[in-house]
file start09.pdb (PDB, C-alpha atoms)
MODEL        1
ATOM      1  CA  MET O   1       0.000   0.000   0.000
ATOM      2  CA  THR O   2       1.183   3.497  -0.885
ATOM      3  CA  ARG O   3      -0.158   6.555   0.909
ATOM      4  CA  TYR O   4       0.421   9.374  -1.552
ATOM      5  CA  PRO O   5       1.644  12.670  -0.070
ATOM      6  CA  VAL O   6       0.168  16.138  -0.352
ATOM      7  CA  ASN O   7       2.101  17.937  -3.097
ATOM      8  CA  ARG O   8      -0.375  20.658  -4.151
ATOM      9  CA  LEU O   9      -1.025  24.124  -2.823
ATOM     10  CA  CYS O  10      -4.589  25.375  -2.656
ATOM     11  CA  PRO O  11      -5.607  26.266  -6.248
ATOM     12  CA  LEU O  12      -7.846  29.067  -4.971
ATOM     13  CA  THR O  13      -5.513  30.859  -2.558
ATOM     14  CA  GLY O  14      -2.043  29.459  -3.336
ATOM     15  CA  VAL O  15      -1.362  28.488   0.287
ATOM     16  CA  ALA O  16      -0.676  25.120   1.889
ATOM     17  CA  HIS O  17      -3.465  22.981   3.323
ATOM     18  CA  ASP O  18      -4.041  22.947   7.067
ATOM     19  CA  ARG O  19      -6.302  19.903   7.358
ATOM     20  CA  VAL O  20      -6.454  16.411   5.868
ATOM     21  CA  LEU O  21     -10.098  15.402   5.488
ATOM     22  CA  ALA O  22      -9.554  11.840   4.255
ATOM     23  CA  HIS O  23      -7.109   9.356   2.796
ATOM     24  CA  VAL O  24      -9.197   7.722   0.072
ATOM     25  CA  PRO O  25      -8.273   4.192  -1.066
ATOM     26  CA  VAL O  26      -8.499   3.423  -4.767
ATOM     27  CA  SER O  27     -11.007   0.681  -3.946
ATOM     28  CA  ALA O  28     -13.466   3.378  -2.805
ATOM     29  CA  VAL O  29     -13.748   4.750  -6.362
ATOM     30  CA  ALA O  30     -14.088   1.340  -8.037
ATOM     31  CA  PRO O  31     -17.904   1.665  -8.337
ATOM     32  CA  ASP O  32     -17.464   4.512 -10.847
ATOM     33  CA  PRO O  33     -19.281   3.186 -13.955
ATOM     34  CA  SER O  34     -17.083   5.202 -16.321
ATOM     35  CA  TYR O  35     -14.056   3.023 -15.532
ATOM     36  CA  GLN O  36     -12.990  -0.202 -17.190
ATOM     37  CA  LYS O  37     -13.407  -3.187 -14.869
ATOM     38  CA  ASN O  38      -9.619  -3.572 -14.588
ATOM     39  CA  PHE O  39      -8.851   0.161 -14.329
ATOM     40  CA  ILE O  40      -6.777  -0.264 -11.159
ATOM     41  CA  GLU O  41      -4.381  -2.610 -12.941
ATOM     42  CA  LEU O  42      -4.354  -0.449 -16.092
ATOM     43  CA  LEU O  43      -3.295   2.577 -14.046
ATOM     44  CA  GLY O  44      -0.572   0.681 -12.184
ATOM     45  CA  LEU O  45      -2.249   1.127  -8.789
ATOM     46  CA  LYS O  46      -3.252  -1.160  -5.927
ATOM     47  CA  PRO O  47      -6.732  -1.242  -4.361
ATOM     48  CA  ASP O  48      -5.387  -0.094  -0.981
ATOM     49  CA  ASP O  49      -3.309   2.813  -2.341
ATOM     50  CA  GLU O  50      -4.560   6.003  -0.689
ATOM     51  CA  PHE O  51      -4.869   9.561  -2.016
ATOM     52  CA  PRO O  52      -5.432  12.606   0.231
ATOM     53  CA  ILE O  53      -8.347  15.037   0.200
ATOM     54  CA  VAL O  54      -7.413  18.211   2.057
ATOM     55  CA  GLN O  55      -8.734  21.626   3.032
ATOM     56  CA  SER O  56      -7.016  25.016   2.962
ATOM     57  CA  PRO O  57      -7.248  27.587   5.778
ATOM     58  CA  ALA O  58      -9.818  29.444   3.645
ATOM     59  CA  GLY O  59     -11.986  26.306   3.546
ATOM     60  CA  PHE O  60     -11.365  25.274  -0.065
ATOM     61  CA  VAL O  61     -11.385  21.483  -0.500
ATOM     62  CA  PHE O  62      -9.119  19.810  -3.037
ATOM     63  CA  ALA O  63      -7.303  16.580  -3.874
ATOM     64  CA  GLY O  64      -3.878  16.907  -2.290
ATOM     65  CA  PHE O  65      -1.818  14.821  -4.705
ATOM     66  CA  GLU O  66      -1.117  16.149  -8.201
ATOM     67  CA  LEU O  67      -1.211  13.387 -10.784
ATOM     68  CA  SER O  68       1.189  13.443 -13.731
ATOM     69  CA  ASP O  69      -0.025  14.452 -17.194
ATOM     70  CA  ASP O  70       0.837  10.970 -18.448
ATOM     71  CA  PHE O  71      -1.350   9.430 -15.730
ATOM     72  CA  VAL O  72      -4.264  11.704 -16.643
ATOM     73  CA  VAL O  73      -3.998  10.898 -20.346
ATOM     74  CA  LYS O  74      -3.751   7.177 -19.616
ATOM     75  CA  SER O  75      -6.782   7.388 -17.351
ATOM     76  CA  GLU O  76      -8.794   9.097 -20.083
ATOM     77  CA  SER O  77      -7.621   6.930 -22.967
ATOM     78  CA  GLU O  78      -7.198   3.456 -21.458
ATOM     79  CA  ALA O  79      -8.931   3.234 -18.080
ATOM     80  CA  THR O  80     -12.176   4.917 -19.153
ATOM     81  CA  ASP O  81     -14.956   2.822 -20.658
ATOM     82  CA  HIS O  82     -16.001   4.926 -23.652
ATOM     83  CA  THR O  83     -19.005   2.708 -24.335
ATOM     84  CA  VAL O  84     -20.629   4.031 -21.149
ATOM     85  CA  SER O  85     -21.415   7.709 -21.545
ATOM     86  CA  ALA O  86     -23.780   9.967 -19.646
ATOM     87  CA  MET O  87     -24.442  11.623 -23.017
ATOM     88  CA  ASP O  88     -26.572   8.635 -23.981
ATOM     89  CA  THR O  89     -29.101   9.206 -21.193
ATOM     90  CA  ILE O  90     -32.319  11.219 -21.289
ATOM     91  CA  PRO O  91     -31.409  13.342 -18.206
ATOM     92  CA  TRP O  92     -28.079  14.383 -19.755
ATOM     93  CA  ARG O  93     -29.655  15.366 -23.064
ATOM     94  CA  ARG O  94     -32.520  17.212 -21.384
ATOM     95  CA  GLU O  95     -30.209  19.185 -19.075
ATOM     96  CA  ASN O  96     -27.788  20.057 -21.847
ATOM     97  CA  LEU O  97     -30.528  21.090 -24.244
ATOM     98  CA  GLN O  98     -31.724  23.470 -21.530
ATOM     99  CA  PHE O  99     -28.173  24.697 -20.905
ATOM    100  CA  ALA O 100     -27.520  25.256 -24.616
ATOM    101  CA  ASN O 101     -30.822  27.095 -24.940
ATOM    102  CA  GLY O 102     -29.952  29.308 -21.974
ATOM    103  CA  PHE O 103     -26.503  30.099 -23.355
ATOM    104  CA  LEU O 104     -27.848  31.017 -26.789
ATOM    105  CA  ARG O 105     -30.439  33.255 -25.126
ATOM    106  CA  THR O 106     -27.617  34.962 -23.226
ATOM    107  CA  VAL O 107     -25.681  35.376 -26.482
ATOM    108  CA  GLU O 108     -28.690  37.110 -28.054
ATOM    109  CA  GLN O 109     -29.080  39.432 -25.064
ATOM    110  CA  HIS O 110     -25.452  40.272 -24.275
ATOM    111  CA  TYR O 111     -23.292  39.757 -27.379
ATOM    112  CA  LYS O 112     -23.948  42.035 -30.314
ATOM    113  CA  ALA O 113     -21.306  40.914 -32.822
ATOM    114  CA  ALA O 114     -22.708  39.811 -36.159
ATOM    115  CA  PRO O 115     -22.618  36.092 -36.961
ATOM    116  CA  PRO O 116     -20.997  33.819 -37.784
ATOM    117  CA  LEU O 117     -19.570  33.537 -34.291
ATOM    118  CA  LYS O 118     -16.562  31.377 -33.506
ATOM    119  CA  LEU O 119     -17.243  28.886 -30.672
ATOM    120  CA  LEU O 120     -14.689  26.893 -28.666
ATOM    121  CA  ASP O 121     -15.714  23.971 -26.453
ATOM    122  CA  PHE O 122     -12.647  23.501 -24.235
ATOM    123  CA  GLY O 123     -12.789  19.960 -22.884
ATOM    124  CA  CYS O 124     -15.409  18.980 -25.432
ATOM    125  CA  GLY O 125     -15.457  15.288 -24.534
ATOM    126  CA  TYR O 126     -17.549  13.383 -27.058
ATOM    127  CA  GLY O 127     -18.759  16.591 -28.710
ATOM    128  CA  GLY O 128     -22.292  16.721 -27.330
ATOM    129  CA  MET O 129     -22.366  20.486 -26.806
ATOM    130  CA  LEU O 130     -20.730  21.066 -30.187
ATOM    131  CA  ARG O 131     -23.626  19.224 -31.805
ATOM    132  CA  LEU O 132     -26.167  21.268 -29.866
ATOM    133  CA  LEU O 133     -24.608  24.700 -30.452
ATOM    134  CA  GLY O 134     -23.049  24.443 -33.908
ATOM    135  CA  SER O 135     -25.029  26.081 -36.716
ATOM    136  CA  ARG O 136     -24.720  28.452 -39.667
ATOM    137  CA  ASP O 137     -24.402  31.285 -37.130
ATOM    138  CA  VAL O 138     -22.100  29.466 -34.681
ATOM    139  CA  ILE O 139     -18.968  27.801 -36.067
ATOM    140  CA  PRO O 140     -17.909  25.059 -33.612
ATOM    141  CA  HIS O 141     -14.353  24.163 -32.549
ATOM    142  CA  GLY O 142     -13.382  21.721 -29.810
ATOM    143  CA  PHE O 143     -10.421  20.589 -27.762
ATOM    144  CA  ASP O 144      -9.983  17.537 -25.554
ATOM    145  CA  MET O 145      -7.010  15.665 -24.097
ATOM    146  CA  SER O 146      -8.503  12.228 -24.823
ATOM    147  CA  PRO O 147      -7.769  10.811 -28.300
ATOM    148  CA  ALA O 148     -10.776   8.488 -28.005
ATOM    149  CA  GLN O 149     -13.126  11.342 -27.193
ATOM    150  CA  ARG O 150     -11.638  13.578 -29.897
ATOM    151  CA  LYS O 151     -12.337  10.893 -32.489
ATOM    152  CA  ILE O 152     -16.011  10.729 -31.542
ATOM    153  CA  ALA O 153     -16.300  14.528 -31.284
ATOM    154  CA  ALA O 154     -14.872  14.958 -34.794
ATOM    155  CA  ALA O 155     -17.902  13.098 -36.159
ATOM    156  CA  SER O 156     -19.945  16.178 -35.213
ATOM    157  CA  GLY O 157     -18.315  18.044 -38.088
ATOM    158  CA  ALA O 158     -16.563  20.492 -35.788
ATOM    159  CA  LYS O 159     -12.858  21.262 -36.019
ATOM    160  CA  ILE O 160     -11.236  19.328 -33.143
ATOM    161  CA  PHE O 161      -7.837  20.394 -31.810
ATOM    162  CA  GLU O 162      -5.212  18.098 -30.293
ATOM    163  CA  SER O 163      -3.201  20.751 -28.436
ATOM    164  CA  THR O 164      -3.639  24.086 -26.714
ATOM    165  CA  ASP O 165      -1.188  25.577 -29.221
ATOM    166  CA  GLN O 166      -3.685  24.748 -31.959
ATOM    167  CA  VAL O 167      -6.489  26.240 -29.875
ATOM    168  CA  ALA O 168      -4.590  29.506 -29.428
ATOM    169  CA  ALA O 169      -3.566  29.722 -33.069
ATOM    170  CA  ALA O 170      -7.171  29.429 -34.287
ATOM    171  CA  GLY O 171      -8.484  32.113 -31.922
ATOM    172  CA  PRO O 172      -9.737  34.458 -30.760
ATOM    173  CA  TYR O 173     -13.224  33.107 -30.043
ATOM    174  CA  ASP O 174     -16.532  34.869 -29.541
ATOM    175  CA  LEU O 175     -17.974  32.116 -27.352
ATOM    176  CA  ILE O 176     -16.345  29.538 -25.076
ATOM    177  CA  VAL O 177     -18.009  26.521 -23.484
ATOM    178  CA  PHE O 178     -16.164  25.096 -20.484
ATOM    179  CA  THR O 179     -18.419  22.528 -18.823
ATOM    180  CA  GLU O 180     -17.416  19.998 -16.161
ATOM    181  CA  VAL O 181     -13.673  20.580 -16.741
ATOM    182  CA  LEU O 182     -12.309  23.039 -14.159
ATOM    183  CA  GLU O 183     -12.681  20.514 -11.336
ATOM    184  CA  HIS O 184     -10.274  18.152 -13.140
ATOM    185  CA  LEU O 185      -7.370  20.576 -13.562
ATOM    186  CA  ALA O 186      -4.263  20.791 -11.402
ATOM    187  CA  ASP O 187      -3.956  24.521 -12.131
ATOM    188  CA  PRO O 188      -7.454  25.875 -12.821
ATOM    189  CA  ARG O 189      -6.344  29.511 -12.686
ATOM    190  CA  ALA O 190      -3.828  28.962 -15.481
ATOM    191  CA  THR O 191      -6.529  27.506 -17.703
ATOM    192  CA  LEU O 192      -8.910  30.386 -17.013
ATOM    193  CA  ARG O 193      -6.118  32.791 -17.961
ATOM    194  CA  PHE O 194      -5.524  30.835 -21.157
ATOM    195  CA  LEU O 195      -9.225  30.983 -22.015
ATOM    196  CA  LYS O 196      -9.390  34.700 -21.283
ATOM    197  CA  ALA O 197      -6.504  35.249 -23.693
ATOM    198  CA  ALA O 198      -8.262  33.098 -26.304
ATOM    199  CA  CYS O 199     -11.571  34.955 -25.935
ATOM    200  CA  LYS O 200     -12.429  38.250 -27.599
ATOM    201  CA  PRO O 201     -13.002  41.157 -25.189
ATOM    202  CA  GLY O 202     -16.664  41.061 -24.270
ATOM    203  CA  GLY O 203     -16.942  37.452 -25.430
ATOM    204  CA  LEU O 204     -19.020  34.985 -23.438
ATOM    205  CA  LEU O 205     -18.068  31.963 -21.341
ATOM    206  CA  ALA O 206     -20.448  29.165 -20.324
ATOM    207  CA  ILE O 207     -19.037  27.251 -17.377
ATOM    208  CA  THR O 208     -20.215  24.464 -15.088
ATOM    209  CA  VAL O 209     -18.596  22.460 -12.292
ATOM    210  CA  PRO O 210     -20.079  20.111  -9.686
ATOM    211  CA  ASP O 211     -21.717  22.121  -6.891
ATOM    212  CA  ILE O 212     -19.906  21.190  -3.649
ATOM    213  CA  PRO O 213     -21.115  23.428  -0.782
ATOM    214  CA  PRO O 214     -19.442  23.119   2.645
ATOM    215  CA  SER O 215     -22.454  21.256   4.058
ATOM    216  CA  PHE O 216     -22.064  18.513   1.433
ATOM    217  CA  VAL O 217     -18.350  18.196   2.216
ATOM    218  CA  GLU O 218     -19.122  17.793   5.919
ATOM    219  CA  THR O 219     -21.792  15.122   5.460
ATOM    220  CA  SER O 220     -19.734  13.243   2.852
ATOM    221  CA  MET O 221     -16.625  13.095   5.024
ATOM    222  CA  ALA O 222     -18.689  11.961   8.006
ATOM    223  CA  GLN O 223     -20.164   9.211   5.834
ATOM    224  CA  PHE O 224     -16.702   8.138   4.692
ATOM    225  CA  ALA O 225     -15.412   8.023   8.282
ATOM    226  CA  SER O 226     -18.270   5.780   9.379
ATOM    227  CA  THR O 227     -18.832   3.540   6.334
ATOM    228  CA  GLY O 228     -15.762   3.874   4.075
ATOM    229  CA  GLU O 229     -18.071   5.012   1.256
ATOM    230  CA  LEU O 230     -17.679   8.352  -0.485
ATOM    231  CA  PRO O 231     -19.701  10.099  -3.228
ATOM    232  CA  LEU O 232     -17.879   9.581  -6.512
ATOM    233  CA  VAL O 233     -17.572  13.332  -7.020
ATOM    234  CA  PHE O 234     -14.733  13.143  -4.468
ATOM    235  CA  ASN O 235     -12.759  10.648  -6.562
ATOM    236  CA  PRO O 236      -9.213  12.063  -6.089
ATOM    237  CA  LEU O 237      -8.008  10.441  -9.317
ATOM    238  CA  VAL O 238     -10.441  12.548 -11.339
ATOM    239  CA  HIS O 239     -11.845  15.497  -9.382
ATOM    240  CA  LEU O 240      -9.042  17.668  -8.056
ATOM    241  CA  ASN O 241     -10.987  20.808  -7.085
ATOM    242  CA  HIS O 242     -14.292  21.088  -5.231
ATOM    243  CA  PHE O 243     -15.957  24.422  -5.941
ATOM    244  CA  SER O 244     -18.903  25.937  -4.155
ATOM    245  CA  PRO O 245     -20.940  28.696  -5.849
ATOM    246  CA  ALA O 246     -18.977  31.266  -3.822
ATOM    247  CA  THR O 247     -15.486  29.939  -4.596
ATOM    248  CA  LEU O 248     -16.236  29.492  -8.308
ATOM    249  CA  ARG O 249     -17.419  33.101  -8.518
ATOM    250  CA  GLN O 250     -14.332  34.266  -6.632
ATOM    251  CA  MET O 251     -11.949  32.574  -9.052
ATOM    252  CA  LEU O 252     -13.847  33.772 -12.114
ATOM    253  CA  ARG O 253     -13.913  37.347 -10.833
ATOM    254  CA  GLU O 254     -10.211  37.321  -9.997
ATOM    255  CA  GLU O 255      -9.342  35.935 -13.446
ATOM    256  CA  GLY O 256     -11.323  38.512 -15.399
ATOM    257  CA  PHE O 257     -14.835  37.110 -15.937
ATOM    258  CA  THR O 258     -18.106  38.729 -14.852
ATOM    259  CA  VAL O 259     -21.136  36.538 -14.156
ATOM    260  CA  LEU O 260     -24.116  37.619 -16.266
ATOM    261  CA  HIS O 261     -26.580  34.858 -15.490
ATOM    262  CA  ASP O 262     -26.890  31.951 -13.047
ATOM    263  CA  HIS O 263     -28.482  29.276 -15.197
ATOM    264  CA  GLY O 264     -28.657  26.695 -12.432
ATOM    265  CA  ARG O 265     -30.494  29.080 -10.114
ATOM    266  CA  THR O 266     -33.250  29.744 -12.630
ATOM    267  CA  GLN O 267     -33.560  26.298 -14.205
ATOM    268  CA  GLY O 268     -35.667  24.817 -11.418
ATOM    269  CA  THR O 269     -38.095  27.693 -11.742
ATOM    270  CA  MET O 270     -38.244  27.227 -15.517
ATOM    271  CA  ASP O 271     -38.981  23.530 -15.040
ATOM    272  CA  ALA O 272     -41.808  24.360 -12.633
ATOM    273  CA  SER O 273     -43.165  27.023 -14.991
ATOM    274  CA  ALA O 274     -43.280  24.493 -17.822
ATOM    275  CA  HIS O 275     -45.893  22.577 -15.812
ATOM    276  CA  TYR O 276     -47.796  25.670 -14.661
ATOM    277  CA  GLY O 277     -50.981  24.689 -16.487
ATOM    278  CA  ASP O 278     -50.900  21.017 -15.479
ATOM    279  CA  VAL O 279     -53.244  21.626 -12.547
ATOM    280  CA  PRO O 280     -56.965  22.332 -12.295
ATOM    281  CA  GLY O 281     -57.936  25.932 -13.012
ATOM    282  CA  PRO O 282     -58.703  26.980  -9.404
ATOM    283  CA  ASN O 283     -55.174  25.993  -8.364
ATOM    284  CA  LEU O 284     -53.339  28.102 -10.948
ATOM    285  CA  LEU O 285     -52.930  31.051  -8.584
ATOM    286  CA  LEU O 286     -51.524  28.799  -5.876
ATOM    287  CA  ASN O 287     -49.161  27.242  -8.403
ATOM    288  CA  ALA O 288     -47.998  30.711  -9.482
ATOM    289  CA  ALA O 289     -47.281  31.582  -5.836
ATOM    290  CA  ARG O 290     -45.203  28.422  -5.450
ATOM    291  CA  ILE O 291     -43.167  29.295  -8.552
ATOM    292  CA  ALA O 292     -42.566  32.806  -7.239
ATOM    293  CA  LYS O 293     -41.431  31.359  -3.911
ATOM    294  CA  ARG O 294     -38.998  29.084  -5.724
ATOM    295  CA  VAL O 295     -37.557  32.070  -7.597
ATOM    296  CA  TRP O 296     -36.977  33.875  -4.317
ATOM    297  CA  ALA O 297     -35.508  30.900  -2.442
ATOM    298  CA  ALA O 298     -33.326  29.333  -5.151
ATOM    299  CA  PRO O 299     -29.670  29.258  -4.024
ATOM    300  CA  PRO O 300     -26.735  30.293  -6.242
ATOM    301  CA  SER O 301     -25.366  27.512  -8.439
ATOM    302  CA  THR O 302     -22.209  26.566 -10.310
ATOM    303  CA  ARG O 303     -23.808  26.701 -13.796
ATOM    304  CA  LEU O 304     -22.938  30.172 -15.035
ATOM    305  CA  PHE O 305     -22.842  32.372 -18.129
ATOM    306  CA  CYS O 306     -20.100  35.022 -17.948
ATOM    307  CA  ARG O 307     -18.602  37.906 -19.910
ATOM    308  CA  ARG O 308     -14.880  38.204 -20.544
ATOM    309  CA  ASP O 309     -13.807  41.567 -19.100
TER     310      ASP O 309
ENDMDL
END
call {"tool": "encode", "arguments": {"input": "start09.pdb", "output": "structure tokens"}}
result
Amino acid sequence: MTRYPVNRLCPLTGVAHDRVLAHVPVSAVAPDPSYQKNFIELLGLKPDDEFPIVQSPAGFVFAGFELSDDFVVKSESEATDHTVSAMDTIPWRRENLQFANGFLRTVEQHYKAAPPLKLLDFGCGYGGMLRLLGSRDVIPHGFDMSPAQRKIAAASGAKIFESTDQVAAAGPYDLIVFTEVLEHLADPRATLRFLKAACKPGGLLAITVPDIPPSFVETSMAQFASTGELPLVFNPLVHLNHFSPATLRQMLREEGFTVLHDHGRTQGTMDASAHYGDVPGPNLLLNAARIAKRVWAAPPSTRLFCRRD
């Protein structure tokens, strides 16, 4: 058994951690359905190898051990089961159709450049968002580290890049999609700076990360201490940074992006509004009051549309 050390500073504040929350064995992430059955062997690990999850003095939670680039590429290309994709499920398609619709609405409201607009999906995966957003008015480009995912994404008809040098050379971009990527990166600030440089001034960024508020961290770590089970979002081989709505906004603000719209905060209300008329007539007023209450009470989310300053 190898207990891997803490070799990362806090990606939010740049300071050392002051608390180890857990040492997570590789066996605890084995239930992840995106992995090949023999992923532990493929990655050269042992089931009882342990990786640290730590917390900075400011309260930011992150995976303490920085994996090598070669390990990350191998994990994406060899250890991942590319026949099992969340993109093939109804919930994924429904949520991403809504997200794409919200982003295009934000483009219409806040970006006045004439089409065609150049779009970059950074971390495009299998190209799902490229298929949803690409059109005569939006020319799609994508980048991903995984050769297997790039191959599938290229079938969308978009231009798919193999390196960040290629991404930079083809810029600048009017629109950037950056969904479910920032949590995977050893240096998220560096990538945000790269994307800011690749984006036209006033261009728009659509970003999402898993929403990990402090209360969820506390309950998850208590669960792990008592049962040895941990939500897969804390897989330290994959998710290196655990953003809350507040910490995501802080990093975006400090790296030159202004939040225009919180899509996640309004989506629940939009879902409820879609069913407004699905009740008997006398109850419509009550239903309207419930929707208004949901608007008022909805918490901030980590699904945001931003402007490049």
call {"tool": "closest_atom_pairs", "arguments": {"input": "start09.pdb", "of": "segment 121-238 of chain O", "to": "segment 45-66 of chain O", "cutoff": "10 Å", "atoms": "only C-alpha atoms", "output": "CSV"}}
result
residue,atom,partner,partner_atom,distance
O:Glu183,CA,O:Phe62,CA,9.1
O:His184,CA,O:Ala63,CA,9.9
O:Leu185,CA,O:Glu66,CA,9.4
O:Ala186,CA,O:Glu66,CA,6.5
O:Asp187,CA,O:Glu66,CA,9.7
O:Ile212,CA,O:Val61,CA,9.1
O:Pro213,CA,O:Val61,CA,9.9
O:Pro214,CA,O:Gly59,CA,8.2
O:Val217,CA,O:Val61,CA,8.2
O:Met221,CA,O:Ile53,CA,9.8
O:Phe234,CA,O:Ile53,CA,8.1
O:Asn235,CA,O:Ala63,CA,8.5
O:Pro236,CA,O:Ala63,CA,5.4
O:Leu237,CA,O:Phe51,CA,8.0
O:Val238,CA,O:Ala63,CA,9.0
call {"tool": "resolve_selection", "arguments": {"input": "start09.pdb", "expression": "the PyMOL selection byres ((chain O and resi 244) around 8)", "output": "PyMOL selection string"}}
result
chain O and resi 211-214+242-243+245-248+301-302
call {"tool": "atom_distance", "arguments": {"input": "start09.pdb", "atom1": "atom CA of Val177 of chain O", "atom2": "atom CA of Asp121 of chain O"}}
result
4.5 Å
call {"tool": "closest_residue", "arguments": {"input": "start09.pdb", "among": "O:Phe178, O:Glu108, O:Arg303, O:Leu232", "to": "Val26 of chain O", "atoms": "all atoms listed in the file"}}
result
O:Leu232
call {"tool": "resolve_selection", "arguments": {"input": "start09.pdb", "expression": "the PyMOL selection byres ((chain O and resi 96-102) around 10)", "output": "PyMOL selection string"}}
result
chain O and resi 87+90-95+103-108+128-130+132-133+177+206+208+261-264+266-267+270-271+303-305
call {"tool": "resolve_selection", "arguments": {"input": "start09.pdb", "expression": "the PyMOL selection byres ((chain O and resi 204) around 10)", "output": "PDB file with C-alpha atoms, in the coordinates of the input"}}
result
ATOM      1  CA  PHE O 103     -26.503  30.099 -23.355  1.00  0.00           C
ATOM      2  CA  THR O 106     -27.617  34.962 -23.226  1.00  0.00           C
ATOM      3  CA  VAL O 107     -25.681  35.376 -26.482  1.00  0.00           C
ATOM      4  CA  HIS O 110     -25.452  40.272 -24.275  1.00  0.00           C
ATOM      5  CA  TYR O 111     -23.292  39.757 -27.379  1.00  0.00           C
ATOM      6  CA  LEU O 119     -17.243  28.886 -30.672  1.00  0.00           C
ATOM      7  CA  TYR O 173     -13.224  33.107 -30.043  1.00  0.00           C
ATOM      8  CA  ASP O 174     -16.532  34.869 -29.541  1.00  0.00           C
ATOM      9  CA  LEU O 175     -17.974  32.116 -27.352  1.00  0.00           C
ATOM     10  CA  ILE O 176     -16.345  29.538 -25.076  1.00  0.00           C
ATOM     11  CA  VAL O 177     -18.009  26.521 -23.484  1.00  0.00           C
ATOM     12  CA  LYS O 196      -9.390  34.700 -21.283  1.00  0.00           C
ATOM     13  CA  CYS O 199     -11.571  34.955 -25.935  1.00  0.00           C
ATOM     14  CA  LYS O 200     -12.429  38.250 -27.599  1.00  0.00           C
ATOM     15  CA  PRO O 201     -13.002  41.157 -25.189  1.00  0.00           C
ATOM     16  CA  GLY O 202     -16.664  41.061 -24.270  1.00  0.00           C
ATOM     17  CA  GLY O 203     -16.942  37.452 -25.430  1.00  0.00           C
ATOM     18  CA  LEU O 205     -18.068  31.963 -21.341  1.00  0.00           C
ATOM     19  CA  ALA O 206     -20.448  29.165 -20.324  1.00  0.00           C
ATOM     20  CA  ILE O 207     -19.037  27.251 -17.377  1.00  0.00           C
ATOM     21  CA  PHE O 257     -14.835  37.110 -15.937  1.00  0.00           C
ATOM     22  CA  THR O 258     -18.106  38.729 -14.852  1.00  0.00           C
ATOM     23  CA  VAL O 259     -21.136  36.538 -14.156  1.00  0.00           C
ATOM     24  CA  LEU O 260     -24.116  37.619 -16.266  1.00  0.00           C
ATOM     25  CA  PHE O 305     -22.842  32.372 -18.129  1.00  0.00           C
ATOM     26  CA  CYS O 306     -20.100  35.022 -17.948  1.00  0.00           C
ATOM     27  CA  ARG O 307     -18.602  37.906 -19.910  1.00  0.00           C
ATOM     28  CA  ARG O 308     -14.880  38.204 -20.544  1.00  0.00           C
ATOM     29  CA  ASP O 309     -13.807  41.567 -19.100  1.00  0.00           C
TER      30      ASP O 309
END
call {"tool": "closest_residue", "arguments": {"input": "start09.pdb", "among": "O:Val15, O:Met1, O:Pro231, O:Leu67", "to": "Ala30 of chain O", "atoms": "all atoms listed in the file"}}
result
O:Pro231
call {"tool": "atom_distance", "arguments": {"input": "start09.pdb", "atom1": "atom CA of His17 of chain O", "atom2": "atom CA of Pro188 of chain O"}}
result
16.9 Å
call {"tool": "atom_distance", "arguments": {"input": "start09.pdb", "atom1": "atom CA of Pro116 of chain O", "atom2": "atom CA of Phe143 of chain O"}}
result
19.7 Å
call {"tool": "closest_residue", "arguments": {"input": "start09.pdb", "among": "O:Pro210, O:Ser77, O:Glu255, O:Lys37", "to": "Val233 of chain O", "atoms": "all atoms listed in the file"}}
result
O:Pro210
call {"tool": "residues_around", "arguments": {"input": "start09.pdb", "residues": "Phe161 of chain O", "least_positions_apart": "3", "cutoff": "9 Å", "atoms": "only C-alpha atoms", "output": "list in words"}}
result
His141, Gly142, Phe143, Asp144, Arg150, Thr164, Asp165, Gln166 and Val167 of chain O
call {"tool": "residues_near_point", "arguments": {"input": "start09.pdb", "point": "(-6.8, 34.5, -16.0)", "cutoff": "9 Å", "atoms": "only C-alpha atoms", "output": "list in words"}}
result
Arg189, Ala190, Thr191, Leu192, Arg193, Phe194, Leu195, Lys196, Ala197, Met251, Leu252, Glu254, Glu255, Gly256 and Phe257 of chain O
call {"tool": "closest_residue", "arguments": {"input": "start09.pdb", "among": "O:Glu229, O:Tyr126, O:Arg253, O:Ala298", "to": "Ala155 of chain O", "atoms": "all atoms listed in the file"}}
result
O:Tyr126
